[in-house]
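S.K.: target_27.txt is reproduced in full below (compact mmCIF, C-alpha atoms).
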# COMPACT_ATOMS: atom_id res chain seq x y z
CA MET A 1 38.86 232.86 127.26
CA THR A 2 41.07 235.55 128.84
CA VAL A 3 39.19 238.70 129.77
CA THR A 4 40.82 241.75 128.21
CA LEU A 5 39.92 245.16 129.56
CA LEU A 6 41.13 248.61 128.60
CA ALA A 7 42.04 251.58 130.75
CA VAL A 8 42.16 255.10 129.33
CA PRO A 9 43.89 257.29 131.93
CA ASN A 10 44.07 260.99 131.08
CA VAL A 11 46.91 262.92 132.71
CA SER A 12 47.24 266.69 132.98
CA GLU A 13 50.50 267.02 131.08
CA GLY A 14 50.76 267.51 127.34
CA ARG A 15 53.95 269.56 126.92
CA ASP A 16 56.89 268.16 128.88
CA ARG A 17 58.16 265.22 126.83
CA GLU A 18 60.34 263.80 129.60
CA THR A 19 57.45 263.71 132.07
CA ILE A 20 55.15 262.13 129.49
CA GLU A 21 57.76 259.49 128.67
CA ARG A 22 58.26 258.62 132.34
CA ILE A 23 54.53 258.18 132.80
CA ALA A 24 54.21 256.08 129.63
CA GLU A 25 57.04 253.81 130.78
CA ALA A 26 55.44 253.45 134.21
CA PHE A 27 52.14 252.32 132.64
CA THR A 28 54.00 249.39 131.09
CA ASP A 29 56.07 248.46 134.15
CA ARG A 30 53.76 245.56 134.92
CA ALA A 31 54.19 242.43 132.81
CA GLY A 32 51.05 241.53 130.92
CA ALA A 33 49.81 245.08 130.31
CA VAL A 34 50.24 246.70 126.90
CA LEU A 35 50.28 250.39 126.00
CA LEU A 36 48.22 250.48 122.79
CA ASP A 37 48.17 254.21 122.16
CA ARG A 38 49.33 257.58 123.45
CA HIS A 39 48.04 260.99 122.43
CA SER A 40 49.46 264.27 123.79
CA ASP A 41 48.17 267.78 123.08
CA ARG A 42 50.03 270.94 124.17
CA ASP A 43 46.99 273.22 123.94
CA HIS A 44 44.71 270.92 125.92
CA HIS A 45 47.82 270.23 128.09
CA ARG A 46 46.74 266.64 128.38
CA SER A 47 47.91 263.15 127.45
CA VAL A 48 45.58 260.21 126.90
CA PHE A 49 46.90 256.67 127.21
CA THR A 50 45.15 253.46 126.15
CA ILE A 51 46.29 250.36 128.04
CA ALA A 52 45.08 246.77 127.64
CA GLY A 53 45.39 243.88 130.02
CA PRO A 54 43.59 241.28 132.10
CA PRO A 55 42.02 242.12 135.47
CA ARG A 56 44.44 242.89 138.32
CA VAL A 57 47.31 243.32 135.86
CA LEU A 58 45.52 246.32 134.36
CA SER A 59 44.88 248.06 137.68
CA GLU A 60 48.53 247.49 138.66
CA ALA A 61 49.65 249.15 135.44
CA VAL A 62 47.35 252.15 135.89
CA LEU A 63 48.43 252.55 139.49
CA SER A 64 52.08 252.52 138.42
CA GLY A 65 51.47 255.25 135.84
CA GLY A 66 49.40 257.17 138.34
CA ARG A 67 52.29 257.11 140.78
CA ALA A 68 54.53 258.68 138.12
CA ALA A 69 51.89 261.30 137.31
CA VAL A 70 51.52 262.27 140.97
CA ALA A 71 55.29 262.58 141.31
CA GLY A 72 55.72 264.69 138.16
CA ILE A 73 52.66 266.95 137.86
CA ASP A 74 51.41 269.86 139.96
CA VAL A 75 47.84 270.41 138.82
CA HIS A 76 47.72 273.84 140.45
CA ASP A 77 50.42 275.09 138.06
CA HIS A 78 48.49 273.70 135.11
CA ALA A 79 47.13 275.97 132.38
CA GLY A 80 45.42 274.18 129.50
CA ALA A 81 42.25 274.26 127.46
CA HIS A 82 40.86 271.01 128.89
CA PRO A 83 38.97 270.98 132.22
CA ARG A 84 40.69 268.95 134.96
CA VAL A 85 40.77 268.30 138.70
CA GLY A 86 43.83 266.12 139.02
CA ALA A 87 47.28 265.13 137.81
CA ILE A 88 45.84 261.78 136.77
CA ASP A 89 42.51 263.38 136.05
CA VAL A 90 40.31 260.51 134.97
CA ALA A 91 40.95 256.77 134.80
CA PRO A 92 38.06 254.82 133.28
CA ILE A 93 38.05 251.06 132.92
CA VAL A 94 36.59 250.06 129.55
CA TYR A 95 34.87 246.78 128.76
CA LEU A 96 34.68 245.52 125.18
CA ARG A 97 32.00 242.86 125.67
CA ASP A 98 28.79 243.15 127.68
CA GLU A 99 29.67 239.98 129.59
CA ASP A 100 32.81 241.70 130.93
CA LEU A 101 30.94 244.53 132.66
CA GLY A 102 31.19 242.84 136.06
CA ALA A 103 34.92 242.34 135.71
CA ALA A 104 35.32 245.99 134.67
CA CYS A 105 33.36 247.22 137.70
CA ALA A 106 35.46 245.09 140.04
CA GLU A 107 38.68 246.35 138.43
CA ALA A 108 37.57 249.99 138.72
CA LEU A 109 36.75 249.59 142.41
CA VAL A 110 40.11 247.92 143.07
CA LEU A 111 41.84 250.79 141.27
CA ALA A 112 39.88 253.44 143.17
CA ASP A 113 40.72 251.83 146.51
CA ARG A 114 44.42 251.61 145.65
CA PHE A 115 44.61 255.20 144.35
CA ALA A 116 43.31 256.25 147.75
CA ALA A 117 45.33 253.88 149.93
CA GLU A 118 48.66 254.01 148.12
CA LEU A 119 48.75 257.47 146.50
CA ALA A 120 46.65 259.40 149.08
CA LEU A 121 44.31 260.65 146.35
CA PRO A 122 40.66 261.46 146.94
CA VAL A 123 38.69 259.41 144.42
CA PHE A 124 35.30 260.22 142.95
CA VAL A 125 33.46 257.58 140.96
CA TYR A 126 31.22 258.63 138.09
CA GLY A 127 28.83 257.16 135.55
CA ALA A 128 27.20 253.88 136.49
CA LEU A 129 29.45 253.54 139.56
CA GLY A 130 28.57 257.06 140.73
CA GLY A 131 24.80 257.02 140.40
CA GLY A 132 24.96 258.62 136.96
CA ARG A 133 26.89 261.77 137.86
CA THR A 134 29.19 262.93 135.10
CA ARG A 135 32.80 263.95 134.79
CA ALA A 136 31.68 267.46 133.85
CA GLN A 137 29.68 267.81 137.08
CA LEU A 138 32.75 266.93 139.12
CA ARG A 139 35.26 268.94 137.07
CA HIS A 140 33.21 272.14 136.84
CA GLY A 141 35.28 274.96 138.28
CA GLY A 142 38.48 272.92 138.46
CA PRO A 143 40.34 271.76 141.59
CA GLU A 144 39.74 275.03 143.45
CA LEU A 145 35.95 274.76 143.31
CA LEU A 146 36.09 271.03 144.01
CA ALA A 147 38.13 271.72 147.16
CA ARG A 148 35.56 274.28 148.33
CA ARG A 149 32.69 271.87 147.66
CA ILE A 150 34.43 269.23 149.75
CA ALA A 151 35.12 271.72 152.55
CA ARG A 152 31.45 272.78 152.56
CA ARG A 153 30.48 269.10 152.66
CA GLU A 154 28.54 269.38 149.44
CA LEU A 155 30.65 266.52 148.11
CA ALA A 156 32.63 263.74 149.72
CA PRO A 157 35.16 261.51 148.00
CA ASP A 158 34.06 257.90 147.56
CA PHE A 159 37.55 256.73 148.53
CA GLY A 160 40.50 258.37 150.20
CA PRO A 161 41.10 261.58 152.16
CA ASP A 162 38.51 264.34 152.57
CA GLU A 163 40.75 266.92 150.96
CA LEU A 164 42.60 267.26 147.69
CA HIS A 165 46.17 266.05 147.32
CA PRO A 166 48.36 269.19 147.65
CA THR A 167 49.79 268.86 144.13
CA ALA A 168 47.89 266.06 142.41
CA GLY A 169 44.31 267.09 143.19
CA ALA A 170 41.75 264.30 142.81
CA VAL A 171 41.09 261.45 140.40
CA LEU A 172 37.83 260.36 138.75
CA VAL A 173 37.27 256.63 138.19
CA GLY A 174 34.49 255.08 136.13
CA VAL A 175 33.43 252.12 134.02
CA ARG A 176 32.19 252.41 130.46
CA PRO A 177 32.10 250.81 127.03
CA PRO A 178 34.33 252.40 124.38
CA LEU A 179 33.61 256.04 123.58
CA VAL A 180 35.06 258.23 120.87
CA ALA A 181 37.10 261.29 121.85
CA PHE A 182 36.86 263.45 118.77
CA ASN A 183 37.96 266.99 117.91
CA VAL A 184 37.02 269.14 114.93
CA GLU A 185 38.93 272.29 114.03
CA LEU A 186 36.93 275.10 112.44
CA ALA A 187 38.19 276.95 109.38
CA ALA A 188 39.32 280.57 109.79
CA PRO A 189 38.08 283.09 110.68
CA ALA A 190 36.24 281.07 113.36
CA THR A 191 36.82 282.35 116.92
CA LEU A 192 36.66 280.85 120.37
CA GLN A 193 33.14 282.22 120.73
CA ASP A 194 32.18 280.54 117.46
CA ALA A 195 33.51 277.20 118.74
CA LYS A 196 31.62 277.59 122.02
CA ALA A 197 28.43 278.41 120.14
CA VAL A 198 28.79 275.38 117.87
CA ALA A 199 29.48 273.13 120.88
CA ALA A 200 26.41 274.45 122.70
CA ALA A 201 24.26 273.87 119.62
CA ILE A 202 25.29 270.29 118.84
CA ARG A 203 25.80 268.80 122.30
CA GLU A 204 23.01 266.72 123.79
CA GLY A 205 20.34 269.11 125.05
CA GLY A 206 21.33 271.89 122.64
CA PRO A 207 19.03 273.41 120.00
CA ASP A 208 20.47 271.07 117.35
CA GLY A 209 21.65 268.57 119.92
CA LEU A 210 22.80 265.07 119.14
CA PRO A 211 22.28 262.25 121.62
CA SER A 212 25.34 261.08 123.59
CA VAL A 213 27.46 264.03 122.41
CA ARG A 214 29.40 266.03 125.01
CA ALA A 215 31.09 269.10 123.53
CA ILE A 216 33.05 272.19 124.51
CA GLY A 217 34.58 274.95 122.41
CA VAL A 218 38.28 275.73 122.89
CA TRP A 219 40.98 277.89 121.32
CA LEU A 220 44.22 276.17 120.29
CA ALA A 221 46.77 278.91 120.82
CA HIS A 222 49.64 276.85 119.41
CA ARG A 223 47.79 276.37 116.12
CA GLY A 224 45.79 279.59 116.18
CA VAL A 225 42.47 277.85 115.48
CA ALA A 226 39.12 277.27 117.13
CA GLN A 227 38.15 273.70 117.96
CA VAL A 228 35.06 271.81 119.03
CA SER A 229 36.26 269.10 121.44
CA MET A 230 33.87 266.20 121.98
CA ASN A 231 33.20 262.85 123.55
CA ILE A 232 30.76 260.66 121.64
CA GLU A 233 29.63 258.36 124.40
CA GLU A 234 27.59 256.00 122.22
CA HIS A 235 28.92 255.89 118.69
CA THR A 236 26.23 253.38 117.71
CA VAL A 237 23.65 256.07 118.49
CA THR A 238 25.44 259.05 116.92
CA ALA A 239 27.97 258.37 114.18
CA LEU A 240 30.96 260.65 113.66
CA SER A 241 29.69 261.46 110.17
CA ARG A 242 26.49 262.84 111.71
CA VAL A 243 28.50 264.98 114.12
CA VAL A 244 30.51 266.51 111.28
CA GLN A 245 27.29 267.23 109.38
CA ALA A 246 25.82 268.99 112.42
CA ILE A 247 28.94 271.14 112.87
CA ALA A 248 28.86 272.06 109.17
CA ARG A 249 25.50 273.77 109.66
CA TYR A 250 27.27 276.40 111.78
CA ALA A 251 30.89 276.52 110.60
CA VAL A 252 33.29 274.93 108.12
CA PRO A 253 35.02 271.80 109.49
CA ALA A 254 38.66 272.12 108.44
CA ARG A 255 40.26 269.11 110.13
CA ALA A 256 39.35 266.37 112.59
CA GLU A 257 41.27 264.08 114.92
CA LEU A 258 40.69 261.09 117.14
CA VAL A 259 42.11 261.24 120.64
CA GLY A 260 43.13 257.70 121.41
CA LEU A 261 41.52 254.67 119.79
CA ALA A 262 37.99 254.27 118.44
CA PRO A 263 35.86 251.24 117.59
CA ARG A 264 36.12 250.52 113.86
CA ALA A 265 32.37 250.95 113.40
CA ALA A 266 32.62 254.58 114.57
CA LEU A 267 34.62 255.51 111.46
CA GLU A 268 32.18 254.12 108.92
CA GLY A 269 30.90 256.72 106.49
CA PHE A 270 33.26 259.45 107.67
CA PRO A 271 33.24 262.28 105.08
CA VAL A 272 36.22 262.03 102.73
CA ASP A 273 36.50 265.81 102.35
CA VAL A 274 37.42 266.35 106.03
CA PRO A 275 41.00 265.25 106.85
CA LEU A 276 41.01 262.86 109.83
CA GLU A 277 44.16 262.43 111.88
CA GLY A 278 44.85 259.43 114.10
CA ALA A 279 42.19 257.11 112.69
CA ALA A 280 43.40 254.09 114.68
CA THR A 281 40.97 251.46 115.90
CA ILE A 282 40.78 249.39 119.07
CA GLU A 283 40.40 246.22 117.01
CA ASP A 284 43.54 246.83 114.95
CA ALA A 285 45.64 247.82 117.97
CA LEU A 286 44.63 244.69 119.89
CA ARG A 287 45.21 242.46 116.87
CA THR A 288 48.71 243.88 116.37
CA ALA A 289 49.59 243.45 120.05
CA ARG A 290 48.38 239.84 120.04
CA ASN A 291 50.18 239.01 116.80
CA GLU A 292 53.39 240.43 118.24
CA GLY A 293 52.93 238.44 121.45
CA ARG A 294 52.86 241.54 123.64
CA GLY A 295 51.23 241.23 127.05
CA ASN A 296 48.69 238.74 128.30
CA LEU A 297 45.85 239.49 125.89
As structure tokens, what does this structure read like?

M.R.:
Amino acid sequence: MTVTLLAVPNVSEGRDRETIERIAEAFTDRAGAVLLDRHSDRDHHRSVFTIAGPPRVLSEAVLSGGRAAVAGIDVHDHAGAHPRVGAIDVAPIVYLRDEDLGAACAEALVLADRFAAELALPVFVYGALGGGRTRAQLRHGGPELLARRIARRELAPDFGPDELHPTAGAVLVGVRPPLVAFNVELAAPATLQDAKAVAAAIREGGPDGLPSVRAIGVWLAHRGVAQVSMNIEEHTVTALSRVVQAIARYAVPARAELVGLAPRAALEGFPVDVPLEGAATIEDALRTARNEGRGNL
């Protein structure tokens, strides 16, 4: 049976359509890889791509898109709601079956080595590959603080040069099972401070914290609304319906959205009174690609 892995590169561009299109096209330059989904947000100033493919083909595709991101994005000119340290900010390899974990780890290490060797990017590994350190620990303070931490020798890249790329910053590479990137907008008159307070309350470790939930509060200037932006790292532990219920104890959930694809099981029991945008599943996207004969899946 062919091993199919996913990659979910996040790039620090959510506004310039031409740049986003060039990067999307570059991700599919390599035969056998399939772009399953693309989500861009002007307030977060970020685009999230979901790519499927077999080992080696997948890392080639991500490297190709990364090359386009490095050429087209200056992270130091970036102003968006989402934390970031690089033009291609994070590039996790995702395994769909437990037996594919080894293949995913190998693919992530190949990708990290090639980001460093071919794009001159300092690479930091996180999660299981990085001894459990998190994306948030590495992204705290943005590229400026990361550069100072490297200069003070508090941190050293796992691959690549010992300084940030002059325009593209650094890249974070990890391995993980599917997670759910999930945003909930709060009804007016909720403020940025309200969103931050809700995020602090419901994230893991908070006073009403939910396990495996990572959350920040942001203000969407384009829409004029407050949002709780989350990653649900283990949807089998904390369902999306439970997250919405927790938020509702503090504010009124007005609208929700998925960023990228989610496992079908994550959507079970979602409250019908909260509009959900982008409710696309990994299973359906893969089935469609296979039925259409796209890629080597």

S.K.: Between A:Leu63, A:Val244, A:Val175, A:Leu258, which residue has the minimum interatomic distance to Cys105 in chain A, considering all atoms listed in the file?

M.R.: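 Of all the options, A:Val175 lies closest to Cys105 in chain A.
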
S.K.: Can you list, as a PyMOL selection string, every protein, DNA or RNA residue that comes within 9 Å of range 15-21 of chain A when you count only C-alpha atoms, leaving out same-chain residues fewer than 3 positions away?

M.R.: chain A and resi 11+24-26+40-43+45-47+68-69+72-73

S.K.: Would you mind reading off the distance between CA of Arg264 in chain A and CA of His44 in chain A, one decimal, in Å?

M.R.: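 So the two atoms, CA of Arg264 in chain A and CA of His44 in chain A, lie 25.2 Å apart.
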
S.K.: When you look at Leu36 in chain A with a cut-off of 12 Å (counting all atoms listed in the file), what residues show up, excluding the ones that are within fewer than 4 positions of it in the same chain? I need them as number ranges by chain.

M.R.: A: 5-8, 24, 27-28, 48-53, 260-262, 280-290, 294-295, 297

S.K.: Find the residue from A:Gly174, A:Phe270, A:Ile88, A:Glu154 that sits nearest to Gly131 in chain A; use only C-alpha atoms when measuring.

M.R.: A:Gly174
